[in-house]
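Here is the structure we will look at.
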Amino acid sequence: MRDLKRLVGEIHRRSLWQVLGIYLVGAWVAYEVIQSLTEGLALPGWLPGFAVVLFIIGLPIVLATAFVQHGLPGGAADPTLLPGRDEVAGERQVGPGLRRLLTWRNAITGGVAAFALWGVIAAGWVVLGRSLTGGAGPVEAAAPDKSVAVLPFESLSADEENLYFARGVHEDILTYLSRVRDLRVISRSSVMGYAGQPINLVDVARELGVAHIVEGSVRREGNRVRVSAQLIDARTDEHLWADNFDRDLADVFAIQTAIAQEIVAALEANLTPDEERRLAKQPTDDIDAYDLYVRARETISGSGLALSKDEAAEELLEQAVAIDPEFARAWALLAKVRGDVYWFAADRSPERLAAIKAATDRAFALEPDLPEARLALGTYYYRGFYDYERALEQLELAHDALPNSADVLYFMGLTLRRLGRWDESVAAFEEATLLDPGNVGTRAELINTARDARDYEMAWEASDRAYGRDPDNSVFAAHRAMLYLYHKGAVDSARATLARVAPVDEQFYARARWLAALWGRDYDGALEVLEQYGHQFDWLTPGAADWLAGETLVAAGAEARARDRLSRARATLEAETQKPYADNYVWPHVVLGRVYGWLGEGEKALESCRRAASILPESKDKVHGVGASSWCALTRALVGERDAALAEIERLLQTPAGFTRAELALEPTWDFFRDDPRFQALIRSVE
């Protein structure tokens, strides 16, 4: 006890509390700077942790320096503060070598050196990491030998119509090659950015992760077409193959097949009999139908809102199949586009579902093993019926025939996620990013899936790769902001991330902006987002923007305005739940239950949740089923079923795609529940 008192006394005498306080404040300031640099420069997520390690290492050095420099007169330390030492030891003094080492100048120099070390590592990542990878993440040892990117073919004709034709030739060659399992072929969306741009083949190959590049041009004049193409080994700049094809326009499909076959032969890829047969298959005999089909594909992949693009493409494809009713690929694409229109809530009628199935059936009748029809049928089961097992069956068959289709892998990732097969879902998205490294949606869904699976290390790594590749991309910023919110509860970091990019009319960007404002208790800002991007929230269900505005106003204490917006939402949602599509669509019921809960209509609220659970139980859908349960947990708490709500919250805190600690701690809609110590205990129980 005497030794302990002596130790405490020495700590006070040597002002160690002040030294410790100054050090901690300085470390905190430095850490905030480091966090800002990490976010602003899209540095790896482990760098702030590395800084913390340096701070921890520095702490005992600073304390030891304080012991020496604030010890006995002349700088000698008093060793009697060490318990169990003989009193005679108090006569001993720190040696001159140690006193010269443990000086404040050396301590400050060491701190500066540690900060400089962190800066060198960060700068090295920015300069070397991005230059070596194009911002795409870790460097692969080498691109596979049988890997190829087909760059957009240059149109040598003057008018815009022939530009579409040149792009169609390019895409069909890609389609042919994507059927060859022994190749890795980069998807169209990742190569189109190089169209018309001066390029360095070595840089392009590195950015896309391939060993070979195909370049070409198309000239269409009257009924003649000339296609030139060359295959280059980007590692050596060796031209492996080149040829010109000058034929009648009607022979364009034979030209495309010949080019694809030459590339396959030059790369010494193995072809199965099925692949040879599919490679030789001509899609249509009618050039006019083909032109419309090409225009539809170009419309889908162009800029603009997805819904308007799909509606325009649907019209073009209907014209194409009217001209050539035997055009199986056009029927398959028409089925998929009709499904897109259904999914984006423009038309969820039974008639549209029937039209999707009719187009799919027609494609299969013409080509029973057409992989594009498998993709269309898989998305039909996914979107129309939540039948993920049947969807996955069709998608796996499509993948067998289209092993290089990032589109198929993307839908496989979505479907596996709904089935709760999280690791397989992440793997599918990762494979899709290899085939389509420039696709924003695929990278975003990889981040989203890892976050829902609570694999935050993977989520941050995927975010670092995406954000490092394109730090100005608003969608990547939105998903990074959501990570800050749901994983770390870092509202300021989320808002700072979003502030650095240009606004974009996109679902996840709108949601991230609204959540960051709401969790930051900036209610005016949250309402402004809802007014500006309301249609992005109504995509979930009509009335969603009014519902969210009502909840935001409840949090702001504006009860009269809140009731008005919630009443508007109720009217819209009650109408929606009576429509035929709502018998198989969960969200109008879930949202209406929340609205009833806020308006004090408890029995109606619970009935809506029961209806939602019958439509989409968690056993059927591990993403939206879990989401519906989470939202209904709040509804139960609102109407007074607190015990049931607490049990659900406890379960969903441990369930993928369920609650996170940050969500419950920060979201104002839970404020009514914060007086319950059991709710607070649940929040504290989660790491």
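Letters A, B, ... mark the chains of the structure tokens in the order given; residue numbers begin at 1 per chain; ligand numbers begin at 1, in order shown.
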### Message
Can you tell me, as a ChimeraX atom specification, which residues in region 234-363 of chain A count as helix (DSSP H, G or I) by DSSP?
### Response
/A:249-266,273-280,287-301,306-323,328-343,350-363
### Task
Name all residues at most 7 Å from region 402-418 of chain A (count only C-alpha atoms; drop same-chain ones fewer than 6 positions away) and give them as a ChimeraX atom specification.
/A:178-179,181,184-185,187,371,375,388,392,395,424-426,428-429,432,435-436,442,621-623
### Message
I'd like the neighbourhood of Ala544 (chain A) as number ranges by chain, where a residue qualifies if any of its atoms comes within 8 Å (using only C-alpha atoms), though same-chain residues fewer than 4 positions away should be ignored.
### Response
A: 537-538, 540, 548, 569, 591
Kindly export the residues of the current selection with C-alpha atoms, as a CSV table (one decimal), in the first residue's frame.
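Output saved as selection-v1.csv:
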```csv
chain,number,residue,atom,x,y,z
A,537,PHE,CA,-37.9,6.5,-52.9
A,538,ASP,CA,-41.3,5.8,-54.5
A,540,LEU,CA,-40.0,1.0,-53.5
A,548,LEU,CA,-40.5,9.0,-45.0
A,569,ALA,CA,-49.1,8.2,-47.6
A,591,VAL,CA,-44.8,0.6,-45.4
```
### Summary
Students should find that CA of Trp670 (chain A) and CA of Thr552 (chain A) are spaced 11.5 Å
### Message
List as a PyMOL selection string the protein and nucleic acid residues near region 218-223 of chain A, meaning an atom at most 12 Å away when only C-alpha atoms are counted, but skip any in the same chain fewer than 3 places from it.
### Response
chain A and resi 152-170+215+226-229+244-252+255-256+287
